[in-house]
>>> print(open('final-v1.cif').read())   # mmCIF, C-alpha atoms and all ligand atoms
data_work
loop_
_atom_site.label_atom_id
_atom_site.label_comp_id
_atom_site.auth_asym_id
_atom_site.auth_seq_id
_atom_site.Cartn_x
_atom_site.Cartn_y
_atom_site.Cartn_z
CA MET A 1 -65.23 73.73 272.88
CA ARG A 2 -63.14 75.52 275.49
CA GLU A 3 -61.18 72.35 276.21
CA LEU A 4 -60.65 71.48 272.56
CA LYS A 5 -57.29 72.76 271.34
CA PRO A 6 -56.74 73.34 267.60
CA TYR A 7 -55.79 70.08 265.86
CA LEU A 8 -51.99 69.71 266.01
CA PHE A 9 -51.33 69.90 262.28
CA ILE A 10 -53.55 72.95 261.76
CA GLU A 11 -51.14 75.04 263.82
CA ILE A 12 -48.08 73.65 262.04
CA ASN A 13 -49.64 74.18 258.61
CA ARG A 14 -50.49 77.75 259.55
CA LYS A 15 -46.85 78.51 260.40
CA ILE A 16 -45.63 76.92 257.17
CA ALA A 17 -48.22 78.84 255.11
CA GLU A 18 -47.11 82.14 256.70
CA LYS A 19 -43.49 81.52 255.77
CA ARG A 20 -44.33 80.38 252.26
CA ALA A 21 -46.50 83.47 251.75
CA ARG A 22 -43.37 85.51 252.54
CA GLY A 23 -41.63 83.66 249.70
CA GLU A 24 -39.47 81.45 251.94
CA GLU A 25 -38.78 77.85 250.93
CA VAL A 26 -39.86 75.66 253.83
CA ILE A 27 -38.89 71.99 253.94
CA SER A 28 -41.30 69.97 256.02
CA PHE A 29 -40.51 66.68 257.73
CA ALA A 30 -43.85 67.06 259.49
CA ILE A 31 -46.84 65.21 258.14
CA GLY A 32 -47.06 61.48 257.42
CA ASP A 33 -48.75 61.80 254.05
CA PRO A 34 -47.08 59.55 251.42
CA ASP A 35 -45.50 61.50 248.57
CA PHE A 36 -46.16 58.67 246.07
CA PRO A 37 -49.30 58.73 243.91
CA THR A 38 -52.11 56.22 244.35
CA PRO A 39 -51.27 53.14 242.19
CA ARG A 40 -52.50 53.52 238.59
CA PRO A 41 -54.89 50.51 238.54
CA VAL A 42 -56.63 51.87 241.64
CA ILE A 43 -57.25 55.23 239.95
CA GLU A 44 -58.47 53.48 236.80
CA ARG A 45 -60.96 51.45 238.80
CA LEU A 46 -62.14 54.61 240.53
CA CYS A 47 -62.63 56.45 237.22
CA HIS A 48 -64.48 53.50 235.75
CA ALA A 49 -66.77 53.17 238.78
CA ALA A 50 -67.44 56.92 238.77
CA GLN A 51 -69.05 56.57 235.32
CA ASP A 52 -71.65 54.10 236.58
CA PRO A 53 -74.92 55.81 237.73
CA ALA A 54 -75.40 53.02 240.29
CA ASN A 55 -72.48 54.61 242.13
CA HIS A 56 -74.01 58.08 242.17
CA LYS A 57 -76.48 57.17 244.89
CA TYR A 58 -76.31 57.11 248.68
CA PRO A 59 -74.06 54.28 249.77
CA GLU A 60 -74.87 51.95 252.70
CA THR A 61 -73.09 52.73 255.98
CA ALA A 62 -71.99 49.09 256.16
CA GLY A 63 -70.17 49.42 252.82
CA LEU A 64 -70.41 47.25 249.71
CA PRO A 65 -70.46 43.52 250.51
CA GLU A 66 -67.69 43.08 247.89
CA LEU A 67 -65.50 45.55 249.78
CA ARG A 68 -66.13 43.86 253.12
CA GLN A 69 -65.15 40.57 251.48
CA ALA A 70 -62.01 42.11 249.93
CA ILE A 71 -61.00 43.36 253.39
CA ALA A 72 -61.61 39.91 254.90
CA ASP A 73 -59.59 38.28 252.09
CA TRP A 74 -56.72 40.74 252.61
CA TYR A 75 -56.63 39.97 256.35
CA LYS A 76 -56.58 36.23 255.55
CA LYS A 77 -53.76 36.62 253.03
CA ARG A 78 -51.69 39.06 255.03
CA PHE A 79 -52.22 37.89 258.64
CA SER A 80 -53.93 34.47 258.34
CA VAL A 81 -56.85 35.99 260.26
CA CYS A 82 -60.29 34.74 259.13
CA LEU A 83 -63.04 37.34 259.43
CA ASP A 84 -66.78 37.13 258.87
CA ALA A 85 -67.20 39.80 256.17
CA ASP A 86 -70.75 40.60 257.30
CA LYS A 87 -70.28 40.83 261.05
CA GLU A 88 -66.62 41.50 261.71
CA VAL A 89 -65.71 44.05 259.03
CA LEU A 90 -66.74 47.68 258.65
CA PRO A 91 -65.35 49.99 255.95
CA LEU A 92 -64.70 53.52 257.22
CA ILE A 93 -64.26 57.03 255.80
CA GLY A 94 -60.58 56.71 256.72
CA SER A 95 -59.68 55.05 259.99
CA LYS A 96 -59.96 58.44 261.74
CA ASP A 97 -63.73 58.15 261.22
CA GLY A 98 -63.92 54.97 263.28
CA ILE A 99 -61.35 56.11 265.84
CA GLY A 100 -63.29 59.31 266.39
CA HIS A 101 -66.69 57.65 266.64
CA ILE A 102 -66.06 54.46 268.62
CA SER A 103 -65.71 56.40 271.88
CA LEU A 104 -69.36 57.42 271.48
CA CYS A 105 -70.26 53.72 271.56
CA PHE A 106 -68.38 52.79 274.73
CA ILE A 107 -67.58 55.91 276.76
CA ASP A 108 -70.13 57.59 278.99
CA ALA A 109 -69.60 60.51 281.39
CA GLY A 110 -67.17 59.44 284.10
CA ASP A 111 -65.73 56.52 282.12
CA ILE A 112 -62.04 56.23 281.43
CA ALA A 113 -60.15 55.28 278.27
CA LEU A 114 -56.55 54.11 278.65
CA VAL A 115 -54.58 56.09 276.10
CA PRO A 116 -50.88 55.91 275.26
CA ASN A 117 -48.89 59.13 275.59
CA PRO A 118 -47.38 60.35 273.27
CA ALA A 119 -50.02 59.34 270.74
CA TYR A 120 -52.07 60.19 267.69
CA PRO A 121 -54.29 62.87 269.29
CA VAL A 122 -57.68 61.48 268.25
CA TYR A 123 -57.76 58.70 270.90
CA SER A 124 -57.89 61.14 273.81
CA ILE A 125 -59.90 63.82 272.02
CA SER A 126 -62.66 61.40 271.01
CA THR A 127 -62.74 60.20 274.63
CA MET A 128 -63.19 63.78 275.80
CA LEU A 129 -65.89 64.48 273.19
CA ALA A 130 -67.81 61.44 274.45
CA GLY A 131 -67.69 62.89 277.98
CA GLY A 132 -65.01 60.54 279.31
CA GLN A 133 -61.50 60.98 280.59
CA ALA A 134 -58.23 59.75 279.18
CA HIS A 135 -55.81 58.01 281.54
CA HIS A 136 -52.38 58.44 279.97
CA MET A 137 -50.08 55.43 279.73
CA PRO A 138 -46.50 56.72 279.30
CA LEU A 139 -44.53 55.45 276.30
CA THR A 140 -40.89 55.84 277.19
CA ALA A 141 -37.57 54.49 275.97
CA GLU A 142 -37.40 52.52 279.25
CA ASN A 143 -40.60 50.57 278.49
CA ARG A 144 -39.67 50.22 274.79
CA PHE A 145 -42.64 52.54 274.07
CA LEU A 146 -45.10 49.81 275.15
CA PRO A 147 -47.60 50.74 277.92
CA ASP A 148 -46.76 49.10 281.23
CA LEU A 149 -50.11 47.51 282.03
CA ASP A 150 -48.99 46.66 285.58
CA ALA A 151 -48.47 50.35 286.33
CA ILE A 152 -52.14 51.28 285.79
CA PRO A 153 -53.78 51.95 289.19
CA MET A 154 -56.67 49.62 290.13
CA GLU A 155 -59.10 52.53 290.67
CA VAL A 156 -58.41 53.60 287.07
CA ILE A 157 -58.83 50.06 285.72
CA GLU A 158 -62.21 49.82 287.43
CA LYS A 159 -63.52 52.80 285.46
CA ALA A 160 -61.75 51.94 282.19
CA ARG A 161 -63.92 50.87 279.25
CA LEU A 162 -61.41 51.08 276.39
CA ILE A 163 -57.68 50.69 275.93
CA TRP A 164 -56.00 52.25 272.87
CA LEU A 165 -52.85 50.87 271.28
CA ASN A 166 -51.08 51.66 268.03
CA TYR A 167 -48.26 49.59 266.49
CA PRO A 168 -46.20 50.25 264.44
CA ASN A 169 -46.46 53.39 266.49
CA ASN A 170 -46.99 56.99 265.62
CA PRO A 171 -45.04 59.01 266.71
CA THR A 172 -42.36 56.80 268.34
CA ALA A 173 -42.01 54.27 265.46
CA ALA A 174 -41.92 51.47 268.07
CA THR A 175 -43.24 48.02 267.21
CA ALA A 176 -45.06 45.42 269.31
CA ASP A 177 -44.79 41.66 268.98
CA LEU A 178 -47.51 39.06 269.43
CA ASP A 179 -46.38 38.30 273.00
CA TYR A 180 -47.24 41.87 273.93
CA PHE A 181 -50.62 41.67 272.18
CA ASN A 182 -51.32 38.39 274.03
CA LYS A 183 -50.63 40.17 277.32
CA VAL A 184 -53.03 42.96 276.32
CA VAL A 185 -55.77 40.43 275.54
CA ALA A 186 -55.32 38.73 278.93
CA PHE A 187 -55.41 42.14 280.69
CA ALA A 188 -58.48 43.27 278.75
CA LYS A 189 -60.38 40.04 279.41
CA LYS A 190 -59.53 40.04 283.10
CA HIS A 191 -60.84 43.57 283.54
CA SER A 192 -63.61 43.61 280.89
CA ILE A 193 -61.97 46.40 278.90
CA ALA A 194 -62.43 46.62 275.14
CA VAL A 195 -59.26 46.95 273.04
CA CYS A 196 -58.92 49.35 270.12
CA HIS A 197 -55.75 48.63 268.21
CA ASP A 198 -54.86 51.13 265.51
CA GLY A 199 -52.58 49.62 262.87
CA PRO A 200 -52.41 51.83 259.75
CA TYR A 201 -48.62 51.44 259.43
CA SER A 202 -48.47 47.63 259.37
CA GLU A 203 -47.41 47.57 255.71
CA ILE A 204 -44.61 50.11 256.03
CA ALA A 205 -41.78 47.98 257.31
CA PHE A 206 -38.11 47.45 256.57
CA GLU A 207 -35.51 44.72 256.13
CA GLY A 208 -38.02 41.90 255.93
CA TYR A 209 -39.84 42.77 259.16
CA SER A 210 -43.56 42.02 258.97
CA PRO A 211 -45.57 43.70 261.76
CA PRO A 212 -48.32 41.51 263.27
CA SER A 213 -52.01 42.33 263.50
CA PHE A 214 -53.53 42.58 266.98
CA LEU A 215 -56.13 40.09 265.77
CA GLN A 216 -53.44 37.41 265.52
CA ALA A 217 -53.27 37.34 269.34
CA ASP A 218 -55.14 34.48 271.03
CA GLY A 219 -58.73 35.51 271.73
CA ALA A 220 -58.18 39.06 270.44
CA ARG A 221 -61.50 39.18 268.70
CA ASP A 222 -63.34 38.34 271.95
CA THR A 223 -62.23 41.64 273.30
CA GLY A 224 -61.27 44.11 270.61
CA VAL A 225 -61.15 45.62 267.17
CA GLU A 226 -58.37 46.78 264.91
CA PHE A 227 -58.52 49.95 262.88
CA HIS A 228 -56.68 49.87 259.58
CA SER A 229 -56.42 52.09 256.58
CA LEU A 230 -55.60 52.23 252.90
CA SER A 231 -54.14 55.71 253.43
CA LYS A 232 -50.54 54.81 254.08
CA SER A 233 -50.19 51.41 252.35
CA TYR A 234 -51.63 52.54 249.00
CA ASN A 235 -51.06 56.32 249.14
CA MET A 236 -54.78 56.95 249.46
CA THR A 237 -54.91 59.55 252.25
CA GLY A 238 -56.98 61.86 250.03
CA TRP A 239 -59.61 59.30 249.12
CA ARG A 240 -60.55 58.65 252.76
CA ILE A 241 -60.98 54.94 253.16
CA GLY A 242 -60.12 52.55 255.97
CA MET A 243 -61.71 49.82 258.04
CA ALA A 244 -62.49 48.44 261.49
CA VAL A 245 -62.29 44.67 261.92
CA GLY A 246 -62.74 42.27 264.81
CA ASN A 247 -65.26 41.87 267.62
CA ALA A 248 -68.74 41.65 266.07
CA GLU A 249 -70.51 43.46 268.93
CA MET A 250 -68.12 46.39 268.75
CA ILE A 251 -68.42 46.54 264.97
CA ASN A 252 -72.19 46.48 265.28
CA ALA A 253 -72.13 49.35 267.80
CA LEU A 254 -69.96 51.39 265.44
CA VAL A 255 -72.34 50.77 262.52
CA LYS A 256 -75.21 51.93 264.71
CA ILE A 257 -73.50 55.20 265.63
CA LYS A 258 -72.18 55.84 262.14
CA SER A 259 -75.48 55.17 260.40
CA ASN A 260 -76.82 58.12 262.40
CA MET A 261 -73.86 60.32 261.57
CA ASP A 262 -72.77 59.76 257.98
CA SER A 263 -74.01 58.12 254.83
CA GLY A 264 -71.13 55.82 254.05
CA ILE A 265 -68.21 55.97 251.63
CA PRO A 266 -68.76 57.10 248.00
CA GLN A 267 -69.06 53.82 246.10
CA ALA A 268 -66.51 54.63 243.41
CA ILE A 269 -63.95 54.96 246.21
CA GLN A 270 -65.07 51.62 247.62
CA TYR A 271 -64.37 50.00 244.24
CA ALA A 272 -60.95 51.66 244.17
CA ALA A 273 -60.29 50.14 247.60
CA ILE A 274 -61.28 46.67 246.33
CA GLU A 275 -58.71 47.07 243.57
CA ALA A 276 -56.02 48.21 246.01
CA LEU A 277 -56.60 45.29 248.39
CA SER A 278 -57.02 42.54 245.82
CA GLY A 279 -54.74 43.72 242.98
CA SER A 280 -50.95 43.59 242.78
CA GLN A 281 -49.24 44.43 246.07
CA ASP A 282 -45.91 45.24 244.38
CA CYS A 283 -46.16 48.95 245.18
CA ILE A 284 -45.72 48.18 248.87
CA ALA A 285 -42.27 46.60 248.56
CA GLU A 286 -41.21 49.29 246.07
CA GLN A 287 -42.25 52.11 248.38
CA ASN A 288 -40.72 50.46 251.42
CA ALA A 289 -37.36 50.30 249.62
CA VAL A 290 -37.55 54.08 249.08
CA TYR A 291 -38.68 54.76 252.66
CA GLN A 292 -35.87 52.58 253.96
CA ARG A 293 -33.28 54.51 251.96
CA ARG A 294 -34.66 57.79 253.30
CA ARG A 295 -34.72 56.37 256.83
CA ASP A 296 -31.02 55.53 256.55
CA LEU A 297 -30.14 58.98 255.15
CA ILE A 298 -31.94 60.70 258.01
CA ILE A 299 -30.53 58.42 260.71
CA ASP A 300 -26.98 58.98 259.38
CA MET A 301 -27.41 62.74 259.36
CA LEU A 302 -28.92 62.79 262.85
CA SER A 303 -26.02 60.76 264.12
CA ASP A 304 -23.53 63.11 262.37
CA ILE A 305 -25.01 66.08 264.19
CA GLY A 306 -25.12 64.24 267.50
CA LEU A 307 -28.88 63.58 267.78
CA GLU A 308 -29.90 60.18 269.11
CA ALA A 309 -32.60 58.20 267.29
CA GLU A 310 -33.28 54.50 267.04
CA THR A 311 -33.42 53.07 263.53
CA PRO A 312 -37.10 52.15 263.12
CA LYS A 313 -38.17 48.69 261.87
CA ALA A 314 -41.49 50.06 260.62
CA SER A 315 -43.76 53.13 260.27
CA LEU A 316 -43.18 56.38 258.42
CA TYR A 317 -41.38 58.12 261.28
CA ILE A 318 -38.16 58.74 263.12
CA TRP A 319 -38.39 59.69 266.77
CA ALA A 320 -35.28 61.69 267.58
CA LYS A 321 -34.07 63.08 270.89
CA VAL A 322 -33.66 66.86 270.93
CA PRO A 323 -30.25 68.33 271.77
CA GLU A 324 -29.52 68.98 275.41
CA GLY A 325 -30.73 72.33 276.67
CA TYR A 326 -33.76 72.51 274.36
CA SER A 327 -37.40 71.65 274.90
CA SER A 328 -38.99 69.91 271.90
CA LEU A 329 -40.90 73.10 271.07
CA GLU A 330 -37.80 75.30 271.33
CA PHE A 331 -35.86 72.92 269.08
CA ALA A 332 -38.62 72.73 266.46
CA ASP A 333 -39.04 76.54 266.54
CA ASP A 334 -35.29 77.04 266.22
CA LEU A 335 -35.10 74.79 263.15
CA LEU A 336 -38.04 76.58 261.56
CA GLU A 337 -36.73 80.07 262.30
CA GLN A 338 -33.07 79.41 261.50
CA VAL A 339 -33.18 77.05 258.51
CA ASN A 340 -36.85 76.77 257.46
CA VAL A 341 -37.05 73.09 258.36
CA VAL A 342 -40.22 71.74 259.99
CA VAL A 343 -40.22 68.86 262.48
CA ILE A 344 -43.00 68.08 264.93
CA PRO A 345 -42.24 68.75 268.59
CA GLY A 346 -42.91 65.62 270.65
CA ILE A 347 -44.90 67.60 273.22
CA GLY A 348 -47.60 67.98 270.54
CA TYR A 349 -48.36 64.27 271.04
CA GLY A 350 -48.59 64.52 274.82
CA LYS A 351 -46.37 65.32 277.77
CA TYR A 352 -44.35 62.09 277.53
CA GLY A 353 -43.35 63.15 274.02
CA GLU A 354 -41.24 65.94 275.54
CA GLY A 355 -37.55 65.63 274.71
CA TYR A 356 -38.23 64.29 271.20
CA VAL A 357 -39.18 65.46 267.72
CA ARG A 358 -40.80 63.44 264.94
CA LEU A 359 -39.49 63.39 261.39
CA SER A 360 -41.45 61.82 258.59
CA LEU A 361 -40.08 59.77 255.67
CA THR A 362 -42.62 61.12 253.19
CA ILE A 363 -40.42 63.74 251.52
CA PRO A 364 -39.26 63.32 247.91
CA ASP A 365 -35.55 62.42 247.82
CA ALA A 366 -34.18 65.69 246.38
CA ILE A 367 -36.00 67.80 248.98
CA LEU A 368 -35.02 65.39 251.73
CA VAL A 369 -31.33 65.76 250.87
CA LYS A 370 -31.68 69.54 250.85
CA GLY A 371 -33.48 69.41 254.22
CA LEU A 372 -30.73 67.26 255.69
CA SER A 373 -28.03 69.64 254.47
CA ARG A 374 -29.93 72.47 256.19
CA LEU A 375 -29.93 70.43 259.41
CA SER A 376 -26.21 70.02 259.05
CA GLY A 377 -25.85 73.79 258.41
CA TRP A 378 -27.94 74.49 261.51
CA HIS A 379 -25.69 72.24 263.58
CA ASN A 380 -22.48 73.78 262.23
CA SER A 381 -23.66 77.33 262.88
CA LYS A 382 -24.59 76.43 266.48
CA HIS A 383 -21.27 74.71 266.90
CA ARG A 384 -19.36 77.72 265.52
CA LEU A 385 -21.26 80.01 267.89
CA LYS A 386 -20.36 77.82 270.84
CA THR A 387 -16.66 77.66 269.95
CA LYS A 388 -16.59 81.47 269.46
CA LYS A 389 -18.02 81.92 272.97
C1 LIG A 401 -51.81 56.37 264.18
C2 LIG A 401 -52.76 56.87 263.17
N1 LIG A 401 -54.01 56.38 263.15
C3 LIG A 401 -54.92 56.80 262.25
C4 LIG A 401 -54.59 57.75 261.30
C5 LIG A 401 -55.68 58.20 260.35
O1 LIG A 401 -55.55 57.64 259.13
P1 LIG A 401 -56.73 57.66 258.05
O2 LIG A 401 -56.17 58.39 256.89
O3 LIG A 401 -57.03 56.23 257.76
O4 LIG A 401 -57.91 58.36 258.66
C6 LIG A 401 -53.30 58.29 261.28
C7 LIG A 401 -52.97 59.33 260.30
O5 LIG A 401 -51.92 59.90 260.27
C8 LIG A 401 -52.37 57.83 262.23
O6 LIG A 401 -51.12 58.30 262.26
#
>>> encode(input="final-v1.cif", output="structure tokens")
Amino acid sequence: MRELKPYLFIEINRKIAEKRARGEEVISFAIGDPDFPTPRPVIERLCHAAQDPANHKYPETAGLPELRQAIADWYKKRFSVCLDADKEVLPLIGSKDGIGHISLCFIDAGDIALVPNPAYPVYSISTMLAGGQAHHMPLTAENRFLPDLDAIPMEVIEKARLIWLNYPNNPTAATADLDYFNKVVAFAKKHSIAVCHDGPYSEIAFEGYSPPSFLQADGARDTGVEFHSLSKSYNMTGWRIGMAVGNAEMINALVKIKSNMDSGIPQAIQYAAIEALSGSQDCIAEQNAVYQRRRDLIIDMLSDIGLEAETPKASLYIWAKVPEGYSSLEFADDLLEQVNVVVIPGIGYGKYGEGYVRLSLTIPDAILVKGLSRLSGWHNSKHRLKTKK
């Protein structure tokens, strides 16, 4: 418990709540929680299923067979990946459930997990909770935010049991192509390391780009699993539903751990997920058009005020360099104190996140525009101060 720091967003939410309690209007570019509602047909299916007493009972940890099949069908349709719905698919209580628990399956005291840095914090924290150690693989602009596998020392590789990857990436918004995933598979097979690829943002992509699944790489399922989620694609963060797919032995290990920890996903929510995966997918293109417009507004404003950021091809985020002379924490604090705008300091995702802040695209348009004008106001006031000096 002494080593466990408060979860990143808890601290940010606390600061926002304090300001709001004082009556201040805070605009948050912080959390990647879609601002669109869950699609109507999904809610209707959920309501309908909630009326059925069969769905009031304990669910199975392995999930409904119909849901496992719907997940397999979605993977076939979306990625041309064929999965055995009984052995290679496991529904989860949100992908965080699987990400948090899989370390317990494969990490013992003294083992190492290879973890990107900056990253979604759960990869390294679940490693630590399992008694292992995270070896951080830097994601930098120089390596296109893709871990340099050749830079990992041999003594680390020898103790490594898992490697974590996440594309489209949170927080850097970087993407990986199949060539990179093929390299990861070769590396993992050579050194007997299991791969955990986390891909919840694969459906949030712009200008016709279609992010690949790790499981499309040759031999991927011999060595790894992919975590995925309905949270971001179908605006279902609050319902808590996701999945792990891929290597049957790894899936089986996760079922074994989870069946001792939780009692599955409420069945009405599983039926909602079946509807989301097998019904109309139109909401995805519609949302992406909105996210893309917001992305462009933010990128234009950042460029107007002299902050560098690459235009992302996918994900819900923009990874922007902080102005010279600031640490990421100082910059985020300054924005919050001066103009009540919240961005996440890159250091919160690990030491290689220093020098950046993350902005999310999940703000309704009117608030987004107001937030951007505050950023511009912040910049102008700093600029005026400088010219006065
Ligand atoms: C990279 C990454 N993985 C996993 C998750 C967890 O998603 P879920 O809602 O499926 O638990 C998030 C949530 O923000 C995320 O950013």
>>> residues_near_ligand(input="final-v1.cif", ligand="ligand LIG 401 (chain A)", cutoff="9 Å", atoms="only C-alpha atoms and all ligand atoms", output="ChimeraX atom specification")
/A:31-33,92-99,119-123,166-171,198-201,227-232,236-243
>>> write_last_selection(input="final-v1.cif", atoms="C-alpha atoms", output="PDB file, in the coordinates of the input")
ATOM      1  CA  ILE A  31     -46.840  65.210 258.140  1.00  0.00           C
ATOM      2  CA  GLY A  32     -47.060  61.480 257.420  1.00  0.00           C
ATOM      3  CA  ASP A  33     -48.750  61.800 254.050  1.00  0.00           C
ATOM      4  CA  LEU A  92     -64.700  53.520 257.220  1.00  0.00           C
ATOM      5  CA  ILE A  93     -64.260  57.030 255.800  1.00  0.00           C
ATOM      6  CA  GLY A  94     -60.580  56.710 256.720  1.00  0.00           C
ATOM      7  CA  SER A  95     -59.680  55.050 259.990  1.00  0.00           C
ATOM      8  CA  LYS A  96     -59.960  58.440 261.740  1.00  0.00           C
ATOM      9  CA  ASP A  97     -63.730  58.150 261.220  1.00  0.00           C
ATOM     10  CA  GLY A  98     -63.920  54.970 263.280  1.00  0.00           C
ATOM     11  CA  ILE A  99     -61.350  56.110 265.840  1.00  0.00           C
ATOM     12  CA  ALA A 119     -50.020  59.340 270.740  1.00  0.00           C
ATOM     13  CA  TYR A 120     -52.070  60.190 267.690  1.00  0.00           C
ATOM     14  CA  PRO A 121     -54.290  62.870 269.290  1.00  0.00           C
ATOM     15  CA  VAL A 122     -57.680  61.480 268.250  1.00  0.00           C
ATOM     16  CA  TYR A 123     -57.760  58.700 270.900  1.00  0.00           C
ATOM     17  CA  ASN A 166     -51.080  51.660 268.030  1.00  0.00           C
ATOM     18  CA  TYR A 167     -48.260  49.590 266.490  1.00  0.00           C
ATOM     19  CA  PRO A 168     -46.200  50.250 264.440  1.00  0.00           C
ATOM     20  CA  ASN A 169     -46.460  53.390 266.490  1.00  0.00           C
ATOM     21  CA  ASN A 170     -46.990  56.990 265.620  1.00  0.00           C
ATOM     22  CA  PRO A 171     -45.040  59.010 266.710  1.00  0.00           C
ATOM     23  CA  ASP A 198     -54.860  51.130 265.510  1.00  0.00           C
ATOM     24  CA  GLY A 199     -52.580  49.620 262.870  1.00  0.00           C
ATOM     25  CA  PRO A 200     -52.410  51.830 259.750  1.00  0.00           C
ATOM     26  CA  TYR A 201     -48.620  51.440 259.430  1.00  0.00           C
ATOM     27  CA  PHE A 227     -58.520  49.950 262.880  1.00  0.00           C
ATOM     28  CA  HIS A 228     -56.680  49.870 259.580  1.00  0.00           C
ATOM     29  CA  SER A 229     -56.420  52.090 256.580  1.00  0.00           C
ATOM     30  CA  LEU A 230     -55.600  52.230 252.900  1.00  0.00           C
ATOM     31  CA  SER A 231     -54.140  55.710 253.430  1.00  0.00           C
ATOM     32  CA  LYS A 232     -50.540  54.810 254.080  1.00  0.00           C
ATOM     33  CA  MET A 236     -54.780  56.950 249.460  1.00  0.00           C
ATOM     34  CA  THR A 237     -54.910  59.550 252.250  1.00  0.00           C
ATOM     35  CA  GLY A 238     -56.980  61.860 250.030  1.00  0.00           C
ATOM     36  CA  TRP A 239     -59.610  59.300 249.120  1.00  0.00           C
ATOM     37  CA  ARG A 240     -60.550  58.650 252.760  1.00  0.00           C
ATOM     38  CA  ILE A 241     -60.980  54.940 253.160  1.00  0.00           C
ATOM     39  CA  GLY A 242     -60.120  52.550 255.970  1.00  0.00           C
ATOM     40  CA  MET A 243     -61.710  49.820 258.040  1.00  0.00           C
TER      41      MET A 243
END
>>> closest_residue(input="final-v1.cif", among="A:Leu90, A:Glu337, A:Asn117, A:His101", to="Lys19 in chain A", atoms="all atoms listed in the file")
A:Glu337
>>> atom_distance(input="final-v1.cif", atom1="CA of Leu83 in chain A", atom2="CA of Gln267 in chain A")
22.0 Å
>>> residues_around(input="final-v1.cif", residues="His191 in chain A", least_positions_apart="5", cutoff="12 Å", atoms="only C-alpha atoms", output="list in words")
Leu149, Ile152, Met154, Glu155, Val156, Ile157, Glu158, Lys159, Ala160, Arg161, Leu162, Ile163, Val184, Val185, Ala186 and Thr223 of chain A
>>> write_last_selection(input="final-v1.cif", atoms="C-alpha atoms", output="PDB file, keeping the file's coordinate frame")
ATOM      1  CA  LEU A 149     -50.110  47.510 282.030  1.00  0.00           C
ATOM      2  CA  ILE A 152     -52.140  51.280 285.790  1.00  0.00           C
ATOM      3  CA  MET A 154     -56.670  49.620 290.130  1.00  0.00           C
ATOM      4  CA  GLU A 155     -59.100  52.530 290.670  1.00  0.00           C
ATOM      5  CA  VAL A 156     -58.410  53.600 287.070  1.00  0.00           C
ATOM      6  CA  ILE A 157     -58.830  50.060 285.720  1.00  0.00           C
ATOM      7  CA  GLU A 158     -62.210  49.820 287.430  1.00  0.00           C
ATOM      8  CA  LYS A 159     -63.520  52.800 285.460  1.00  0.00           C
ATOM      9  CA  ALA A 160     -61.750  51.940 282.190  1.00  0.00           C
ATOM     10  CA  ARG A 161     -63.920  50.870 279.250  1.00  0.00           C
ATOM     11  CA  LEU A 162     -61.410  51.080 276.390  1.00  0.00           C
ATOM     12  CA  ILE A 163     -57.680  50.690 275.930  1.00  0.00           C
ATOM     13  CA  VAL A 184     -53.030  42.960 276.320  1.00  0.00           C
ATOM     14  CA  VAL A 185     -55.770  40.430 275.540  1.00  0.00           C
ATOM     15  CA  ALA A 186     -55.320  38.730 278.930  1.00  0.00           C
ATOM     16  CA  THR A 223     -62.230  41.640 273.300  1.00  0.00           C
TER      17      THR A 223
END
>>> closest_residue(input="final-v1.cif", among="A:Asp304, A:Asp262, A:Asp333, A:Asp35", to="Val290 in chain A", atoms="only C-alpha atoms")
A:Asp35
>>> closest_residue(input="final-v1.cif", among="A:Ala151, A:Leu178, A:Ala268, A:Leu146", to="Ala50 in chain A", atoms="only C-alpha atoms")
A:Ala268
>>> residues_around(input="final-v1.cif", residues="Tyr271 in chain A", least_positions_apart="3", cutoff="12 Å", atoms="only C-alpha atoms", output="short mmCIF file (atom, residue, chain, number, x, y, z; two decimals) with C-alpha atoms, in the frame of the given file")
data_model
loop_
_atom_site.label_atom_id
_atom_site.label_comp_id
_atom_site.auth_asym_id
_atom_site.auth_seq_id
_atom_site.Cartn_x
_atom_site.Cartn_y
_atom_site.Cartn_z
CA PRO A 41 -54.89 50.51 238.54
CA VAL A 42 -56.63 51.87 241.64
CA ILE A 43 -57.25 55.23 239.95
CA GLU A 44 -58.47 53.48 236.80
CA ARG A 45 -60.96 51.45 238.80
CA LEU A 46 -62.14 54.61 240.53
CA CYS A 47 -62.63 56.45 237.22
CA HIS A 48 -64.48 53.50 235.75
CA ALA A 49 -66.77 53.17 238.78
CA ALA A 50 -67.44 56.92 238.77
CA ASP A 52 -71.65 54.10 236.58
CA ASN A 55 -72.48 54.61 242.13
CA PRO A 59 -74.06 54.28 249.77
CA GLY A 63 -70.17 49.42 252.82
CA LEU A 64 -70.41 47.25 249.71
CA PRO A 65 -70.46 43.52 250.51
CA GLU A 66 -67.69 43.08 247.89
CA LEU A 67 -65.50 45.55 249.78
CA ARG A 68 -66.13 43.86 253.12
CA GLN A 69 -65.15 40.57 251.48
CA ALA A 70 -62.01 42.11 249.93
CA ILE A 71 -61.00 43.36 253.39
CA PRO A 91 -65.35 49.99 255.95
CA TRP A 239 -59.61 59.30 249.12
CA ILE A 241 -60.98 54.94 253.16
CA ILE A 265 -68.21 55.97 251.63
CA PRO A 266 -68.76 57.10 248.00
CA GLN A 267 -69.06 53.82 246.10
CA ALA A 268 -66.51 54.63 243.41
CA ILE A 274 -61.28 46.67 246.33
CA GLU A 275 -58.71 47.07 243.57
CA ALA A 276 -56.02 48.21 246.01
CA LEU A 277 -56.60 45.29 248.39
CA SER A 278 -57.02 42.54 245.82
CA GLY A 279 -54.74 43.72 242.98
#
>>> atom_distance(input="final-v1.cif", atom1="CA of Tyr356 in chain A", atom2="CA of Glu18 in chain A")
24.7 Å
